[in-house]
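> I'm passing along final.pdb; it holds PDB, C-alpha atoms.
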```
ATOM      1  CA  MET A   1       0.000   0.000   0.000
ATOM      2  CA  PRO A   2       1.691   3.242  -1.094
ATOM      3  CA  VAL A   3       1.871   5.900   1.569
ATOM      4  CA  ARG A   4       3.547   8.839  -0.147
ATOM      5  CA  ARG A   5       1.251  11.125  -2.068
ATOM      6  CA  GLY A   6       4.082  12.808  -3.872
ATOM      7  CA  ALA A   7       5.879  16.033  -3.221
ATOM      8  CA  HIS A   8       3.710  18.553  -1.438
ATOM      9  CA  MET A   9       3.401  21.964  -2.976
ATOM     10  CA  PRO A  10       2.550  24.949  -0.824
ATOM     11  CA  GLU A  11      -1.118  24.409  -0.184
ATOM     12  CA  SER A  12      -3.854  26.842  -1.038
ATOM     13  CA  THR A  13      -7.190  26.502   0.677
ATOM     14  CA  LEU A  14     -10.597  28.037   0.259
ATOM     15  CA  SER A  15     -12.968  28.097   3.230
ATOM     16  CA  VAL A  16     -16.664  28.192   2.448
ATOM     17  CA  VAL A  17     -19.325  28.809   5.092
ATOM     18  CA  TYR A  18     -22.805  27.869   3.913
ATOM     19  CA  GLU A  19     -26.336  27.500   5.196
ATOM     20  CA  GLN A  20     -27.200  23.909   6.113
ATOM     21  CA  LYS A  21     -30.037  23.449   3.634
ATOM     22  CA  VAL A  22     -31.039  20.426   1.602
ATOM     23  CA  GLY A  23     -28.921  20.420  -1.557
ATOM     24  CA  ALA A  24     -26.491  23.161  -0.457
ATOM     25  CA  VAL A  25     -23.418  20.934  -0.567
ATOM     26  CA  ASP A  26     -24.501  19.501  -3.909
ATOM     27  CA  ARG A  27     -24.878  22.993  -5.400
ATOM     28  CA  ILE A  28     -21.393  23.988  -4.189
ATOM     29  CA  LEU A  29     -19.761  20.792  -5.461
ATOM     30  CA  SER A  30     -21.627  21.014  -8.768
ATOM     31  CA  LEU A  31     -20.283  24.510  -9.358
ATOM     32  CA  LEU A  32     -16.718  23.372  -8.661
ATOM     33  CA  ARG A  33     -17.120  20.337 -10.929
ATOM     34  CA  ARG A  34     -18.905  22.155 -13.786
ATOM     35  CA  ARG A  35     -16.267  24.860 -13.961
ATOM     36  CA  GLY A  36     -13.434  22.322 -13.811
ATOM     37  CA  TYR A  37     -11.644  24.020 -10.945
ATOM     38  CA  PRO A  38      -8.355  22.454  -9.766
ATOM     39  CA  VAL A  39      -9.588  20.823  -6.555
ATOM     40  CA  GLY A  40      -7.169  18.566  -4.692
ATOM     41  CA  GLY A  41      -9.519  17.661  -1.855
ATOM     42  CA  ILE A  42     -12.667  18.706  -0.044
ATOM     43  CA  THR A  43     -13.482  18.345   3.624
ATOM     44  CA  LEU A  44     -16.929  19.031   5.076
ATOM     45  CA  GLU A  45     -16.939  20.234   8.655
ATOM     46  CA  ARG A  46     -19.553  20.912  11.266
ATOM     47  CA  THR A  47     -19.459  24.263  13.002
ATOM     48  CA  HIS A  48     -20.525  25.277  16.477
ATOM     49  CA  ARG A  49     -23.705  26.639  14.886
ATOM     50  CA  PRO A  50     -26.058  23.885  13.639
ATOM     51  CA  GLU A  51     -27.538  26.076  10.880
ATOM     52  CA  LEU A  52     -24.097  26.606   9.285
ATOM     53  CA  GLY A  53     -21.732  24.190   7.594
ATOM     54  CA  ARG A  54     -18.157  24.713   6.574
ATOM     55  CA  MET A  55     -16.189  23.310   3.668
ATOM     56  CA  THR A  56     -12.447  23.484   3.172
ATOM     57  CA  VAL A  57     -11.369  23.106  -0.445
ATOM     58  CA  SER A  58      -7.717  22.313  -1.188
ATOM     59  CA  VAL A  59      -6.766  24.035  -4.424
ATOM     60  CA  THR A  60      -3.888  22.752  -6.561
ATOM     61  CA  GLN A  61      -3.468  25.957  -8.589
ATOM     62  CA  PRO A  62      -3.401  29.059  -6.367
ATOM     63  CA  GLU A  63      -4.068  31.349  -9.337
ATOM     64  CA  ALA A  64      -7.612  29.901  -9.491
ATOM     65  CA  LEU A  65      -8.529  31.067  -5.956
ATOM     66  CA  ASP A  66      -9.902  34.486  -6.894
ATOM     67  CA  GLN A  67     -12.131  33.092  -9.632
ATOM     68  CA  MET A  68     -13.380  30.264  -7.383
ATOM     69  CA  GLU A  69     -14.128  32.731  -4.591
ATOM     70  CA  LYS A  70     -16.022  34.998  -7.003
ATOM     71  CA  HIS A  71     -18.225  32.196  -8.342
ATOM     72  CA  LEU A  72     -18.887  30.540  -4.973
ATOM     73  CA  SER A  73     -19.938  33.830  -3.381
ATOM     74  CA  LYS A  74     -22.778  34.089  -5.939
ATOM     75  CA  LEU A  75     -24.469  30.925  -4.655
ATOM     76  CA  THR A  76     -27.448  31.727  -2.431
ATOM     77  CA  ASP A  77     -26.494  29.068   0.151
ATOM     78  CA  VAL A  78     -22.985  30.477   0.610
ATOM     79  CA  ILE A  79     -22.606  32.876   3.520
ATOM     80  CA  ALA A  80     -18.902  33.640   3.219
ATOM     81  CA  VAL A  81     -15.850  32.543   1.237
ATOM     82  CA  GLY A  82     -12.251  33.112   2.282
ATOM     83  CA  GLY A  83      -9.197  32.091   0.339
ATOM     84  CA  ASN A  84      -5.708  31.037   1.334
ATOM     85  CA  GLN A  85      -5.363  32.870   4.604
ATOM     86  CA  GLU A  86      -1.634  33.149   5.245
ATOM     87  CA  ASN A  87      -2.272  33.100   8.964
ATOM     88  CA  ALA A  88      -4.382  29.935   8.887
ATOM     89  CA  VAL A  89      -3.633  26.799  10.843
ATOM     90  CA  ARG A  90      -3.886  23.828   8.471
ATOM     91  CA  ARG A  91      -4.139  20.192   9.505
ATOM     92  CA  GLU A  92      -5.065  16.773   8.209
ATOM     93  CA  TYR A  93      -6.445  13.958  10.355
ATOM     94  CA  ALA A  94      -5.665  10.269   9.987
ATOM     95  CA  LEU A  95      -6.662   6.935  11.502
ATOM     96  CA  GLY A  96      -4.638   3.896  10.548
ATOM     97  CA  ARG A  97      -4.423   0.235  11.504
ATOM     98  CA  ILE A  98      -0.875  -1.076  11.691
ATOM     99  CA  GLY A  99       0.258  -4.671  11.943
ATOM    100  CA  CYS A 100       2.051  -4.772  15.267
ATOM    101  CA  SER A 101       2.911  -7.695  17.522
ATOM    102  CA  ALA A 102       3.256  -7.287  21.275
ATOM    103  CA  ARG A 103       7.063  -7.331  20.844
ATOM    104  CA  GLN A 104       6.951  -4.626  18.175
ATOM    105  CA  ARG A 105       4.937  -2.240  20.336
ATOM    106  CA  VAL A 106       8.098  -1.151  22.156
ATOM    107  CA  GLU A 107       9.469  -0.065  18.750
ATOM    108  CA  VAL A 108       6.265   1.530  17.438
ATOM    109  CA  VAL A 109       5.272   3.633  20.472
ATOM    110  CA  PRO A 110       8.430   5.836  20.314
ATOM    111  CA  ILE A 111       7.724   6.455  16.612
ATOM    112  CA  LEU A 112       4.197   7.567  17.523
ATOM    113  CA  ASP A 113       5.564   9.803  20.287
ATOM    114  CA  ALA A 114       8.051  11.420  17.901
ATOM    115  CA  PHE A 115       5.161  12.377  15.597
ATOM    116  CA  HIS A 116       2.748  13.316  18.419
ATOM    117  CA  ALA A 117       0.474  10.468  17.311
ATOM    118  CA  HIS A 118      -1.582   8.256  19.636
ATOM    119  CA  ALA A 119      -2.328   4.575  19.880
ATOM    120  CA  LEU A 120      -6.106   4.292  20.275
ATOM    121  CA  SER A 121      -6.414   0.525  20.352
ATOM    122  CA  PHE A 122      -4.075  -2.399  20.921
ATOM    123  CA  THR A 123      -5.336  -5.822  19.836
ATOM    124  CA  GLU A 124      -3.605  -9.106  19.109
ATOM    125  CA  GLY A 125      -1.310  -8.236  16.233
ATOM    126  CA  HIS A 126      -2.781  -4.787  15.464
ATOM    127  CA  LEU A 127      -2.572  -1.187  16.561
ATOM    128  CA  VAL A 128      -4.948   1.662  15.631
ATOM    129  CA  VAL A 129      -3.182   5.005  15.323
ATOM    130  CA  GLU A 130      -4.613   8.540  15.418
ATOM    131  CA  ALA A 131      -2.572  11.434  14.061
ATOM    132  CA  THR A 132      -2.956  15.063  13.022
ATOM    133  CA  GLY A 133      -0.564  17.367  11.251
ATOM    134  CA  THR A 134       0.410  18.750   7.894
ATOM    135  CA  GLY A 135       0.345  16.486   4.881
ATOM    136  CA  GLU A 136       4.126  16.184   4.987
ATOM    137  CA  HIS A 137       4.011  15.286   8.686
ATOM    138  CA  LEU A 138       1.473  12.492   8.140
ATOM    139  CA  ASP A 139       3.365  11.220   5.081
ATOM    140  CA  ALA A 140       6.528  10.956   7.197
ATOM    141  CA  LEU A 141       4.688   9.192  10.054
ATOM    142  CA  PHE A 142       3.134   6.557   7.846
ATOM    143  CA  SER A 143       6.399   6.069   5.958
ATOM    144  CA  ALA A 144       8.075   5.348   9.305
ATOM    145  CA  LEU A 145       5.272   2.890  10.168
ATOM    146  CA  ALA A 146       5.219   1.200   6.735
ATOM    147  CA  PRO A 147       7.749  -1.533   7.670
ATOM    148  CA  TYR A 148       5.277  -2.815  10.273
ATOM    149  CA  GLY A 149       2.528  -3.122   7.679
ATOM    150  CA  ILE A 150      -0.168  -0.520   7.130
ATOM    151  CA  GLU A 151      -3.379  -2.521   6.923
ATOM    152  CA  ASP A 152      -5.873   0.317   6.621
ATOM    153  CA  LEU A 153      -5.627   4.082   6.427
ATOM    154  CA  ALA A 154      -8.314   6.793   6.434
ATOM    155  CA  ARG A 155      -7.132  10.341   5.982
ATOM    156  CA  THR A 156      -8.924  13.647   5.540
ATOM    157  CA  SER A 157      -8.031  16.445   3.192
ATOM    158  CA  THR A 158      -6.761  19.617   4.768
ATOM    159  CA  ILE A 159      -8.939  21.576   7.155
ATOM    160  CA  ALA A 160      -8.001  25.155   7.967
ATOM    161  CA  VAL A 161      -8.963  27.802  10.499
ATOM    162  CA  SER A 162      -7.665  31.342  10.410
ATOM    163  CA  ARG A 163      -5.915  32.585  13.546
ATOM    164  CA  THR A 164      -8.006  35.761  13.209
ATOM    165  CA  PRO A 165     -11.439  36.369  11.647
ATOM    166  CA  ALA A 166     -10.885  35.668   7.971
ATOM    167  CA  PHE A 167     -14.060  36.517   6.124
ATOM    168  CA  ALA A 168     -14.363  40.122   5.034
ATOM    169  CA  GLY A 169     -18.080  40.295   4.465
ATOM    170  CA  ASN A 170     -21.350  39.517   6.186
ATOM    171  CA  ARG A 171     -23.613  38.281   3.420
ATOM    172  CA  ARG A 172     -26.954  37.830   5.152
ATOM    173  CA  GLY A 173     -26.586  38.795   8.769
ATOM    174  CA  THR A 174     -26.113  35.168   9.837
ATOM    175  CA  GLU A 175     -22.802  36.006  11.480
ATOM    176  CA  THR A 176     -21.842  38.797  13.805
ATOM    177  CA  GLN A 177     -19.213  41.310  12.852
ATOM    178  CA  SER A 178     -15.989  41.056  14.803
ATOM    179  CA  ASP A 179     -14.080  44.124  15.912
ATOM    180  CA  ASN A 180     -11.759  44.002  12.921
ATOM    181  CA  GLY A 181     -14.515  43.715  10.309
ATOM    182  CA  GLY A 182     -14.191  39.987   9.619
ATOM    183  CA  VAL A 183     -16.991  37.507  10.030
ATOM    184  CA  ASP A 184     -17.066  35.870  13.434
ATOM    185  CA  LEU A 185     -19.061  32.650  13.491
ATOM    186  CA  GLY A 186     -19.409  32.849  17.234
TER     187      GLY A 186
END
```
Can you dump the structure from the file as structure tokens?


Amino acid sequence: MPVRRGAHMPESTLSVVYEQKVGAVDRILSLLRRRGYPVGGITLERTHRPELGRMTVSVTQPEALDQMEKHLSKLTDVIAVGGNQENAVRREYALGRIGCSARQRVEVVPILDAFHAHALSFTEGHLVVEATGTGEHLDALFSALAPYGIEDLARTSTIAVSRTPAFAGNRRGTETQSDNGGVDLG
């Protein structure tokens, strides 16, 4: 099972906040697909507000961000769109099952510690691992674990949250304005 996804380029992300309505996600994805935008991955996220959803779109060609943002902001379900915040924290999440005997655990646990990963479950001959980090970080972790045998791996695309309010506009009054003019979802 190959682990490496290839060389990582600096990642561009687009965050989309939308109203949780029937068909909203489909309308957003249809627009991205119809226009042939360079999407590397999409992650749907819940927010702390049940009426709002959030989508992080990984974009493989940063020059497409402005056009994507322009088109997405025209959709009626979309509340706010923010692209490639330089001050964003970006992470991926992974769960993996590794072949691991009781004897090998003493070798595997220090590898997990070095990558700030956690063993969630030890069973006879198997270990379930949880990890978060950048794409490069997770690639390196699972490359280090590959000799033990990666039996299953589930990994998200990138999710991103700006360190400061990132959205410049308040489309429909669903959010509250923060002190610096950005949209605050809280």

> Give me the residues within 9 Å of Glu51 in chain A as a ChimeraX atom specification, counting all atoms listed in the file and dropping any in the same chain fewer than 5 places off.

/A:18-21

> I need the residue nearest Asp152 in chain A from this list: A:Ala140, A:Val109, A:Val22, A:Ala94. Use all atoms listed in the file for the distance.

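The closest residue to Asp152 in chain A is A:Ala94.
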
> Can you list, as JSON, numbers by chain, the residues that the PyMOL selection byres ((chain A and resi 162) around 7) selects here?

{"A": [85, 87, 88, 89, 160, 161, 163, 164, 165, 166]}

> With distances taken over all atoms listed in the file, which of A:Ile98, A:Val129, A:Val106, A:Leu29 is nearest to Pro147 in chain A?

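Answer, going by the shortest atom-to-atom distance: A:Ile98.
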
> Take the PyMOL selection byres ((chain A and resi 58-60) around 6), apply it to the structure above, and return the hits as a compact mmCIF listing (two decimals) with C-alpha atoms, in the coordinates of the input.


```txt
# COMPACT_ATOMS: atom_id res chain seq x y z
CA SER A 12 -3.85 26.84 -1.04
CA THR A 13 -7.19 26.50 0.68
CA PRO A 38 -8.36 22.45 -9.77
CA VAL A 39 -9.59 20.82 -6.56
CA GLY A 40 -7.17 18.57 -4.69
CA GLY A 41 -9.52 17.66 -1.86
CA VAL A 57 -11.37 23.11 -0.44
CA GLN A 61 -3.47 25.96 -8.59
```

> What residues come out when you apply the PyMOL selection byres ((chain A and resi 81) around 6) to this file, written as a list in words?

Ser15, Val16, Ala80 and Gly82 of chain A

> By how many Å are CA of Leu153 in chain A and CA of Thr47 in chain A apart?

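So the answer is 25.3 Å.
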
> Within 9 Å of Gly96 in chain A, counting only C-alpha atoms, which residues show up once you throw out same-chain ones fewer than 4 positions away? Write them as a PyMOL selection string, please.

chain A and resi 127-131+142+150-155

> Can you tell me how far CA of Ala146 in chain A sits from CA of Thr134 in chain A, in Å to one decimal?

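CA of Thr134 in chain A lies at a distance of 18.2 Å from CA of Ala146 in chain A.
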
> Which value, in Å to one decimal, gives the distance between CA of Glu63 in chain A and CA of Arg90 in chain A?

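Atom-to-atom, CA of Glu63 in chain A to CA of Arg90 in chain A, that is 19.3 Å.
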
> Got a sec to check which residues sit within 10 Å of (5.3, 11.7, 15.7), counting only C-alpha atoms, and write them as a ChimeraX atom specification?

/A:109-118,131-133,137-138,140-142,144

> Contacts of Thr56 in chain A at 6 Å or less, counting only C-alpha atoms, minus same-chain residues fewer than 4 places along, as a list in words?

Leu14, Ser15, Ile42, Thr43 and Ile159 of chain A

> Pick out the residues sitting within 12 Å of Ala24 in chain A, and hand them over as a list in words; count only C-alpha atoms, and ignore anything fewer than 5 positions along from it in its own chain.

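Once the nearby chain positions are removed, what remains is Val16, Val17, Tyr18, Glu19, Leu29, Ser30, Leu31, Leu44, Glu51, Leu52, Gly53, Arg54, Met55, Leu72, Leu75, Thr76, Asp77, Val78 and Ile79 of chain A.
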
> Between A:Arg91, A:His71, A:Arg97, A:Arg105, which is the closest to Leu32 in chain A once you count only C-alpha atoms?

A:His71

> With N, CA and C atoms as the goal, would you fill in the gaps in range 143-163 of chain A and present it as a PDB file, in the frame of the given file?


```
ATOM      1  N   SER A 143       5.206   6.670   6.565  1.00  0.00           N
ATOM      2  CA  SER A 143       6.399   6.069   5.958  1.00  0.00           C
ATOM      3  C   SER A 143       7.227   5.361   7.024  1.00  0.00           C
ATOM      4  N   ALA A 144       7.338   5.974   8.199  1.00  0.00           N
ATOM      5  CA  ALA A 144       8.075   5.348   9.305  1.00  0.00           C
ATOM      6  C   ALA A 144       7.373   4.086   9.808  1.00  0.00           C
ATOM      7  N   LEU A 145       6.035   4.057   9.708  1.00  0.00           N
ATOM      8  CA  LEU A 145       5.272   2.890  10.168  1.00  0.00           C
ATOM      9  C   LEU A 145       5.115   1.811   9.097  1.00  0.00           C
ATOM     10  N   ALA A 146       5.413   2.135   7.845  1.00  0.00           N
ATOM     11  CA  ALA A 146       5.219   1.200   6.735  1.00  0.00           C
ATOM     12  C   ALA A 146       5.910  -0.157   6.936  1.00  0.00           C
ATOM     13  N   PRO A 147       7.114  -0.224   7.496  1.00  0.00           N
ATOM     14  CA  PRO A 147       7.749  -1.533   7.670  1.00  0.00           C
ATOM     15  C   PRO A 147       6.959  -2.499   8.573  1.00  0.00           C
ATOM     16  N   TYR A 148       6.081  -1.959   9.391  1.00  0.00           N
ATOM     17  CA  TYR A 148       5.277  -2.815  10.273  1.00  0.00           C
ATOM     18  C   TYR A 148       4.025  -3.323   9.569  1.00  0.00           C
ATOM     19  N   GLY A 149       3.692  -2.708   8.462  1.00  0.00           N
ATOM     20  CA  GLY A 149       2.528  -3.122   7.679  1.00  0.00           C
ATOM     21  C   GLY A 149       1.318  -2.253   7.946  1.00  0.00           C
ATOM     22  N   ILE A 150       1.031  -1.344   7.025  1.00  0.00           N
ATOM     23  CA  ILE A 150      -0.168  -0.520   7.130  1.00  0.00           C
ATOM     24  C   ILE A 150      -1.305  -1.332   6.528  1.00  0.00           C
ATOM     25  N   GLU A 151      -2.267  -1.678   7.355  1.00  0.00           N
ATOM     26  CA  GLU A 151      -3.379  -2.521   6.923  1.00  0.00           C
ATOM     27  C   GLU A 151      -4.575  -1.717   6.441  1.00  0.00           C
ATOM     28  N   ASP A 152      -4.752  -0.543   7.000  1.00  0.00           N
ATOM     29  CA  ASP A 152      -5.873   0.317   6.621  1.00  0.00           C
ATOM     30  C   ASP A 152      -5.505   1.740   6.988  1.00  0.00           C
ATOM     31  N   LEU A 153      -5.943   2.686   6.179  1.00  0.00           N
ATOM     32  CA  LEU A 153      -5.627   4.082   6.427  1.00  0.00           C
ATOM     33  C   LEU A 153      -6.768   4.950   5.930  1.00  0.00           C
ATOM     34  N   ALA A 154      -7.294   5.803   6.797  1.00  0.00           N
ATOM     35  CA  ALA A 154      -8.314   6.793   6.434  1.00  0.00           C
ATOM     36  C   ALA A 154      -7.744   8.157   6.785  1.00  0.00           C
ATOM     37  N   ARG A 155      -7.775   9.050   5.809  1.00  0.00           N
ATOM     38  CA  ARG A 155      -7.132  10.341   5.982  1.00  0.00           C
ATOM     39  C   ARG A 155      -7.995  11.429   5.366  1.00  0.00           C
ATOM     40  N   THR A 156      -8.143  12.533   6.073  1.00  0.00           N
ATOM     41  CA  THR A 156      -8.924  13.647   5.540  1.00  0.00           C
ATOM     42  C   THR A 156      -8.066  14.494   4.615  1.00  0.00           C
ATOM     43  N   SER A 157      -8.729  15.361   3.878  1.00  0.00           N
ATOM     44  CA  SER A 157      -8.031  16.445   3.192  1.00  0.00           C
ATOM     45  C   SER A 157      -7.734  17.494   4.257  1.00  0.00           C
ATOM     46  N   THR A 158      -7.113  18.543   3.841  1.00  0.00           N
ATOM     47  CA  THR A 158      -6.761  19.617   4.768  1.00  0.00           C
ATOM     48  C   THR A 158      -7.998  20.328   5.294  1.00  0.00           C
ATOM     49  N   ILE A 159      -7.981  20.642   6.586  1.00  0.00           N
ATOM     50  CA  ILE A 159      -8.939  21.576   7.155  1.00  0.00           C
ATOM     51  C   ILE A 159      -8.131  22.781   7.627  1.00  0.00           C
ATOM     52  N   ALA A 160      -8.736  23.946   7.625  1.00  0.00           N
ATOM     53  CA  ALA A 160      -8.001  25.155   7.967  1.00  0.00           C
ATOM     54  C   ALA A 160      -8.884  26.102   8.756  1.00  0.00           C
ATOM     55  N   VAL A 161      -8.291  26.764   9.726  1.00  0.00           N
ATOM     56  CA  VAL A 161      -8.963  27.802  10.499  1.00  0.00           C
ATOM     57  C   VAL A 161      -7.997  28.968  10.626  1.00  0.00           C
ATOM     58  N   SER A 162      -8.485  30.147  10.307  1.00  0.00           N
ATOM     59  CA  SER A 162      -7.665  31.342  10.410  1.00  0.00           C
ATOM     60  C   SER A 162      -7.413  31.668  11.872  1.00  0.00           C
ATOM     61  N   ARG A 163      -6.233  32.181  12.167  1.00  0.00           N
ATOM     62  CA  ARG A 163      -5.915  32.585  13.546  1.00  0.00           C
ATOM     63  C   ARG A 163      -6.726  33.817  13.959  1.00  0.00           C
TER      64      ARG A 163
END
```
